[in-house]
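To be precise, the following lines are query-v9.tsv, and they hold TSV, C-alpha atoms.
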```
chain	number	residue	atom	x	y	z
Q	1	MET	CA	4.10	28.47	3.01
Q	2	VAL	CA	2.05	25.98	1.01
Q	3	SER	CA	-0.99	24.59	2.84
Q	4	GLU	CA	-1.05	20.82	3.26
Q	5	SER	CA	-4.03	18.48	3.12
Q	6	ALA	CA	-5.28	15.03	4.05
Q	7	VAL	CA	-7.92	12.79	2.49
Q	8	ILE	CA	-9.80	10.44	4.82
Q	9	ILE	CA	-12.04	7.97	2.98
Q	10	GLY	CA	-14.63	6.03	4.95
Q	11	VAL	CA	-15.84	8.63	7.43
Q	12	GLY	CA	-19.12	8.00	9.20
Q	13	ALA	CA	-20.29	8.75	12.73
Q	14	ARG	CA	-18.11	10.88	15.00
Q	15	LEU	CA	-17.46	7.92	17.27
Q	16	GLY	CA	-15.63	5.98	14.57
Q	17	VAL	CA	-12.12	5.49	13.24
Q	18	GLY	CA	-12.46	7.62	10.10
Q	19	ALA	CA	-13.88	10.62	11.96
Q	20	ALA	CA	-11.28	10.35	14.72
Q	21	ILE	CA	-8.44	10.38	12.18
Q	22	ALA	CA	-9.99	13.36	10.39
Q	23	VAL	CA	-10.26	15.36	13.62
Q	24	LYS	CA	-6.68	14.47	14.58
Q	25	ALA	CA	-5.27	15.49	11.18
Q	26	ALA	CA	-7.17	18.79	11.31
Q	27	ARG	CA	-5.82	19.52	14.80
Q	28	GLU	CA	-2.33	19.00	13.41
Q	29	GLY	CA	-2.92	21.69	10.80
Q	30	LEU	CA	-3.96	19.80	7.68
Q	31	HIS	CA	-6.93	20.80	5.54
Q	32	VAL	CA	-8.95	17.59	5.76
Q	33	PHE	CA	-11.15	16.27	2.96
Q	34	ILE	CA	-13.53	13.83	4.61
Q	35	ALA	CA	-15.24	11.40	2.25
Q	36	GLY	CA	-18.26	9.24	2.98
Q	37	ARG	CA	-21.81	8.43	1.93
Q	38	THR	CA	-23.88	10.23	4.57
Q	39	PRO	CA	-23.99	14.05	4.30
Q	40	ALA	CA	-25.42	14.63	7.78
Q	41	LYS	CA	-22.61	12.69	9.47
Q	42	LEU	CA	-19.91	14.44	7.46
Q	43	ASP	CA	-21.40	17.87	8.16
Q	44	LEU	CA	-21.26	17.28	11.91
Q	45	ILE	CA	-17.56	16.45	11.72
Q	46	VAL	CA	-16.81	19.44	9.50
Q	47	ASP	CA	-18.62	21.67	11.99
Q	48	GLU	CA	-16.54	20.27	14.86
Q	49	ILE	CA	-13.28	20.80	12.99
Q	50	VAL	CA	-14.14	24.34	11.91
Q	51	ALA	CA	-15.33	25.27	15.41
Q	52	ALA	CA	-11.92	24.19	16.73
Q	53	GLY	CA	-10.15	26.43	14.20
Q	54	GLY	CA	-9.36	23.79	11.59
Q	55	GLN	CA	-10.21	23.39	7.92
Q	56	ALA	CA	-12.36	20.62	6.49
Q	57	THR	CA	-14.32	19.83	3.35
Q	58	ALA	CA	-17.03	17.16	3.13
Q	59	VAL	CA	-17.15	15.06	-0.03
Q	60	ILE	CA	-20.01	12.66	-0.73
Q	61	MET	CA	-18.72	9.66	-2.63
Q	62	ASP	CA	-18.76	5.91	-3.11
Q	63	CYS	CA	-15.33	4.30	-2.80
Q	64	THR	CA	-16.22	1.63	-5.36
Q	65	ILE	CA	-17.02	4.10	-8.17
Q	66	ASP	CA	-14.04	5.25	-10.22
Q	67	GLU	CA	-15.67	8.54	-11.21
Q	68	ASP	CA	-16.31	9.44	-7.56
Q	69	ILE	CA	-12.68	8.79	-6.66
Q	70	THR	CA	-11.46	10.85	-9.62
Q	71	ALA	CA	-13.73	13.75	-8.65
Q	72	LEU	CA	-12.52	13.64	-5.03
Q	73	PHE	CA	-8.86	13.91	-5.94
Q	74	GLU	CA	-9.55	16.55	-8.58
Q	75	GLN	CA	-11.17	18.61	-5.82
Q	76	VAL	CA	-8.06	18.19	-3.68
Q	77	SER	CA	-5.82	19.10	-6.61
Q	78	ASN	CA	-7.82	22.26	-7.29
Q	79	SER	CA	-7.78	23.31	-3.62
Q	80	GLY	CA	-4.30	24.80	-3.79
Q	81	THR	CA	-3.02	22.42	-1.09
Q	82	VAL	CA	-0.29	19.80	-1.21
Q	83	LEU	CA	-1.59	16.33	-0.42
Q	84	ARG	CA	0.41	14.72	2.40
Q	85	LEU	CA	-1.81	12.06	3.93
Q	86	VAL	CA	-4.42	9.63	2.58
Q	87	VAL	CA	-6.27	7.12	4.75
Q	88	TYR	CA	-8.43	4.38	3.24
Q	89	ASN	CA	-10.77	3.26	6.00
Q	90	THR	CA	-13.52	1.23	4.35
Q	91	GLY	CA	-14.81	-2.33	4.29
Q	92	ARG	CA	-17.96	-3.57	6.00
Q	93	ASN	CA	-17.79	-6.79	7.96
Q	94	LEU	CA	-20.79	-8.86	6.84
Q	95	PRO	CA	-20.57	-12.39	8.30
Q	96	ALA	CA	-22.33	-15.32	6.65
Q	97	PRO	CA	-21.84	-19.09	6.39
Q	98	PHE	CA	-19.48	-20.05	3.58
Q	99	MET	CA	-22.21	-21.77	1.56
Q	100	GLU	CA	-24.39	-18.65	1.76
Q	101	HIS	CA	-21.82	-16.34	0.21
Q	102	ASP	CA	-23.43	-15.45	-3.10
Q	103	VAL	CA	-21.88	-13.43	-5.92
Q	104	ARG	CA	-23.30	-10.15	-4.64
Q	105	LEU	CA	-21.82	-10.59	-1.16
Q	106	ILE	CA	-18.43	-11.79	-2.40
Q	107	GLU	CA	-18.16	-9.01	-4.96
Q	108	GLY	CA	-19.30	-6.41	-2.42
Q	109	HIS	CA	-16.43	-7.29	-0.08
Q	110	TRP	CA	-13.94	-7.24	-2.96
Q	111	ARG	CA	-15.13	-3.93	-4.38
Q	112	ARG	CA	-15.01	-2.11	-1.02
Q	113	CYS	CA	-11.66	-3.51	0.07
Q	114	VAL	CA	-9.56	-4.23	-3.01
Q	115	LEU	CA	-11.02	-2.32	-5.94
Q	116	GLY	CA	-11.60	0.87	-3.97
Q	117	GLY	CA	-8.26	0.56	-2.21
Q	118	MET	CA	-6.37	0.19	-5.47
Q	119	LEU	CA	-8.17	3.04	-7.25
Q	120	VAL	CA	-7.62	5.37	-4.30
Q	121	GLY	CA	-3.97	4.36	-4.11
Q	122	GLN	CA	-3.46	5.14	-7.79
Q	123	ALA	CA	-5.15	8.54	-7.49
Q	124	ALA	CA	-3.22	9.45	-4.34
Q	125	ILE	CA	0.17	8.46	-5.75
Q	126	ARG	CA	-0.53	10.32	-8.99
Q	127	LEU	CA	-1.28	13.51	-7.08
Q	128	MET	CA	1.57	13.18	-4.61
Q	129	GLN	CA	4.07	12.72	-7.43
Q	130	GLN	CA	3.05	16.12	-8.84
Q	131	HIS	CA	4.52	17.84	-5.79
Q	132	ILE	CA	8.06	16.52	-5.80
Q	133	ASP	CA	9.44	20.07	-5.69
Q	134	GLU	CA	7.57	20.85	-2.44
Q	135	ASN	CA	8.46	17.61	-0.65
Q	136	HIS	CA	9.87	17.54	2.86
Q	137	GLY	CA	13.23	15.81	2.64
Q	138	ASP	CA	12.75	12.51	0.85
Q	139	GLN	CA	9.09	12.02	1.78
Q	140	LEU	CA	6.27	12.92	-0.59
Q	141	GLY	CA	3.42	11.72	1.57
Q	142	THR	CA	1.76	8.87	3.42
Q	143	ILE	CA	-0.97	6.44	2.36
Q	144	LEU	CA	-2.44	4.28	5.13
Q	145	TYR	CA	-4.96	1.43	4.94
Q	146	THR	CA	-7.14	0.14	7.77
Q	147	GLY	CA	-6.89	-3.60	8.19
Q	148	ALA	CA	-8.64	-6.03	10.53
Q	149	SER	CA	-8.17	-9.37	12.26
Q	150	ALA	CA	-9.45	-10.86	9.01
Q	151	SER	CA	-6.41	-9.45	7.19
Q	152	MET	CA	-4.34	-12.08	9.02
Q	153	ARG	CA	-6.66	-15.06	9.52
Q	154	GLY	CA	-10.00	-16.38	8.34
Q	155	LYS	CA	-12.49	-17.27	11.06
Q	156	PRO	CA	-15.75	-19.20	10.50
Q	157	LEU	CA	-18.48	-17.08	8.87
Q	158	PHE	CA	-15.97	-14.49	7.61
Q	159	SER	CA	-14.65	-16.12	4.43
Q	160	GLY	CA	-15.74	-13.27	2.15
Q	161	PHE	CA	-14.50	-10.49	4.40
Q	162	ALA	CA	-11.24	-12.30	5.17
Q	163	SER	CA	-10.51	-13.00	1.51
Q	164	ALA	CA	-10.96	-9.31	0.66
Q	165	LYS	CA	-9.02	-7.97	3.64
Q	166	ALA	CA	-6.15	-10.40	3.06
Q	167	ALA	CA	-6.03	-9.36	-0.58
Q	168	LEU	CA	-5.94	-5.70	0.44
Q	169	ARG	CA	-3.02	-6.40	2.78
Q	170	ALA	CA	-1.07	-8.11	0.00
Q	171	MET	CA	-1.80	-5.22	-2.36
Q	172	VAL	CA	-0.57	-2.68	0.20
Q	173	GLN	CA	2.67	-4.66	0.65
Q	174	SER	CA	3.21	-4.53	-3.11
Q	175	MET	CA	2.53	-0.77	-3.17
Q	176	ALA	CA	4.98	-0.17	-0.33
Q	177	ARG	CA	7.75	-2.07	-2.06
Q	178	GLU	CA	7.20	-0.20	-5.32
Q	179	PHE	CA	6.65	3.34	-4.05
Q	180	GLY	CA	8.52	3.44	-0.75
Q	181	PRO	CA	11.84	4.05	-2.58
Q	182	GLN	CA	10.13	6.93	-4.39
Q	183	GLY	CA	9.35	8.69	-1.10
Q	184	ILE	CA	5.77	7.60	-0.41
Q	185	HIS	CA	5.23	5.93	2.95
Q	186	ILE	CA	2.58	3.23	2.59
Q	187	GLY	CA	1.33	1.41	5.66
Q	188	HIS	CA	-1.24	-1.09	6.90
Q	189	ILE	CA	-2.82	-0.92	10.36
Q	190	VAL	CA	-4.44	-4.10	11.66
Q	191	ILE	CA	-7.33	-3.37	14.05
Q	192	ASP	CA	-7.66	-6.53	16.13
Q	193	GLY	CA	-10.57	-6.26	18.53
Q	194	VAL	CA	-13.90	-4.58	19.20
Q	195	ILE	CA	-13.96	-0.82	18.66
Q	196	ASP	CA	-15.88	1.17	21.24
Q	197	GLY	CA	-17.69	3.23	18.63
Q	198	ASP	CA	-20.97	3.92	16.92
Q	199	VAL	CA	-21.10	0.58	15.08
Q	200	ILE	CA	-21.02	-1.66	18.15
Q	201	ARG	CA	-23.17	0.71	20.20
Q	202	SER	CA	-25.86	0.73	17.51
Q	203	VAL	CA	-26.43	-3.02	17.89
Q	204	LYS	CA	-29.52	-2.99	20.09
Q	205	GLY	CA	-28.97	-4.68	23.42
Q	206	LEU	CA	-26.04	-6.80	22.31
Q	207	GLY	CA	-23.68	-3.89	21.63
Q	208	LYS	CA	-23.69	-2.43	25.11
Q	209	LEU	CA	-23.59	-5.93	26.59
Q	210	ALA	CA	-20.52	-6.78	24.50
Q	211	LEU	CA	-18.72	-3.66	25.69
Q	212	LYS	CA	-19.67	-4.39	29.29
Q	213	LEU	CA	-18.29	-7.92	29.04
Q	214	LYS	CA	-15.05	-6.56	27.60
Q	215	GLY	CA	-14.61	-4.51	30.75
Q	216	GLU	CA	-12.44	-1.44	31.32
Q	217	ASP	CA	-10.10	-0.81	28.38
Q	218	GLY	CA	-11.29	-4.03	26.77
Q	219	ALA	CA	-12.26	-2.30	23.52
Q	220	LEU	CA	-10.27	-0.04	21.21
Q	221	ARG	CA	-11.06	3.67	21.28
Q	222	PRO	CA	-11.23	5.58	17.99
Q	223	ASP	CA	-9.22	8.56	19.22
Q	224	GLU	CA	-6.38	6.28	20.36
Q	225	ILE	CA	-6.44	4.48	17.01
Q	226	ALA	CA	-6.13	7.88	15.32
Q	227	GLN	CA	-3.00	8.58	17.36
Q	228	ALA	CA	-1.40	5.45	15.93
Q	229	PHE	CA	-2.22	6.48	12.35
Q	230	TRP	CA	-0.73	9.90	12.95
Q	231	MET	CA	2.41	8.39	14.48
Q	232	LEU	CA	3.04	6.44	11.27
Q	233	HIS	CA	2.49	9.55	9.18
Q	234	ARG	CA	5.05	11.51	11.20
Q	235	GLN	CA	7.81	8.90	10.97
Q	236	GLN	CA	11.01	9.96	9.25
Q	237	PRO	CA	12.05	8.17	6.02
Q	238	ASN	CA	15.03	6.53	7.75
Q	239	SER	CA	12.71	4.62	10.11
Q	240	TRP	CA	9.42	3.77	8.43
Q	241	THR	CA	6.98	1.20	9.75
Q	242	HIS	CA	4.95	-0.67	7.15
Q	243	GLU	CA	2.54	-2.58	9.41
Q	244	ILE	CA	1.37	-2.38	13.00
Q	245	ASP	CA	-1.40	-4.15	14.88
Q	246	LEU	CA	-3.56	-2.56	17.54
Q	247	ARG	CA	-5.56	-4.46	20.15
Q	248	PRO	CA	-6.72	-4.05	23.74
Q	249	PHE	CA	-4.37	-5.58	26.31
Q	250	LYS	CA	-7.04	-8.18	27.15
Q	251	GLU	CA	-7.49	-9.37	23.56
Q	252	ALA	CA	-6.20	-12.87	22.78
Q	253	PHE	CA	-4.10	-13.22	19.63
```
Structure rendered as structure tokens:
Amino acid sequence: MVSESAVIIGVGARLGVGAAIAVKAAREGLHVFIAGRTPAKLDLIVDEIVAAGGQATAVIMDCTIDEDITALFEQVSNSGTVLRLVVYNTGRNLPAPFMEHDVRLIEGHWRRCVLGGMLVGQAAIRLMQQHIDENHGDQLGTILYTGASASMRGKPLFSGFASAKAALRAMVQSMAREFGPQGIHIGHIVIDGVIDGDVIRSVKGLGKLALKLKGEDGALRPDEIAQAFWMLHRQQPNSWTHEIDLRPFKEAF
């Protein structure tokens, strides 16, 4: 039986969405290639996966550099596995007043969300299409993108982030319409709310206060988010979901 693999791009601290998805995919039997910028964080996740009996490979890369993306997928191709799942989980939320959005900030949002998302999508589709003979039924694989509240609406101070996230959402819709009929399930997951993870907890003072004010189950949990990603991946071709939104039951929308 051919071994199957997953690529998770945008993996940081263990208490985060990317790491949670990587751990979930490994538990389900996939060889997981976890890609991020911080070796120490990736190594901790690889150690956890291996200790639990799974397989994982850490890849240091920048999602905005074409050569890094090419090298990542070449490594997957040379691993002897069949790529089944790709998750693009990047895009930093950097708020600023509209008039203070300079070229560097605007371009940074665009490169992380749209440029990286498109280059990864191209590389993933190219590799998945090489394994038509090993496909399961009519499905070659799944490519999922992490969205945000900003994918749907632009709030004050988030014009740059919202413009990039909305563009990513439109791009993913286009991909789904083009490659869904070819057997590649492409989806977009809107994360609408505070995530109880390393990012919010690292904000001195304010982070813990924000979580406290949210109350019990008032913030999304990375491991539960990972369950939703996996659910989309396991859907059968006759009943695919393109987009879902996840939020705590207390979150207004």
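Atom pair atom CA of Ser174 of chain Q / atom CA of Asn93 of chain Q: separated by 23.8 Å.
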Problem - Point-to-point distance from atom CA of Leu144 of chain Q to atom CA of Val76 of chain Q, Å rounded to tenths - result: 17.4 Å
Exercise for the section: Compile the contact shell of Ala252 of chain Q as a PyMOL selection string: residues with an atom at most 12 Å away, counting all atoms listed in the file, same-chain residues fewer than 3 positions apart removed. Expected result: chain Q and resi 149+192-194+214+218+246-249
Practice task
Just the residues within 7 Å of Val82 of chain Q, please, counting all atoms listed in the file, with nothing from its chain fewer than 3 positions along; format it as a ChimeraX atom specification.
Solution key: /Q:2-5,131
Handout entry: Atomic separation - atom CA of Gly117 of chain Q relative to atom CA of Gln129 of chain Q, Å
Key = 18.1 Å
Problem - Ser159 of chain Q surroundings by only C-alpha atoms, 9 Å radius, close-in-sequence under 2 positions cut, as a PyMOL selection string - result: chain Q and resi 95-98+101+106+150+154-157+161-164
Expected file contents, prior selection, C-alpha atoms, as a PDB file, in the coordinates of the input:
```pdb
ATOM      1  CA  PRO Q  95     -20.570 -12.390   8.300  1.00  0.00           C
ATOM      2  CA  ALA Q  96     -22.330 -15.320   6.650  1.00  0.00           C
ATOM      3  CA  PRO Q  97     -21.840 -19.090   6.390  1.00  0.00           C
ATOM      4  CA  PHE Q  98     -19.480 -20.050   3.580  1.00  0.00           C
ATOM      5  CA  HIS Q 101     -21.820 -16.340   0.210  1.00  0.00           C
ATOM      6  CA  ILE Q 106     -18.430 -11.790  -2.400  1.00  0.00           C
ATOM      7  CA  ALA Q 150      -9.450 -10.860   9.010  1.00  0.00           C
ATOM      8  CA  GLY Q 154     -10.000 -16.380   8.340  1.00  0.00           C
ATOM      9  CA  LYS Q 155     -12.490 -17.270  11.060  1.00  0.00           C
ATOM     10  CA  PRO Q 156     -15.750 -19.200  10.500  1.00  0.00           C
ATOM     11  CA  LEU Q 157     -18.480 -17.080   8.870  1.00  0.00           C
ATOM     12  CA  PHE Q 161     -14.500 -10.490   4.400  1.00  0.00           C
ATOM     13  CA  ALA Q 162     -11.240 -12.300   5.170  1.00  0.00           C
ATOM     14  CA  SER Q 163     -10.510 -13.000   1.510  1.00  0.00           C
ATOM     15  CA  ALA Q 164     -10.960  -9.310   0.660  1.00  0.00           C
TER      16      ALA Q 164
END
```
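Among the candidates Q:Ala170, Q:Val7, Q:Ile191, Q:Ala71, the one nearest to Ala148 of chain Q when counting all atoms listed in the file is Q:Ile191.
Closest approach to Gln130 of chain Q among Q:Ser77, Q:Ile143, Q:Ala167, Q:Phe179 is made by Q:Ser77 (distances from only C-alpha atoms).
Between Ile69 of chain Q and the candidates Q:Ala228, Q:Met152, Q:Ala13, Q:Ala35, the tightest atom-to-atom separation, counting only C-alpha atoms, involves Q:Ala35.
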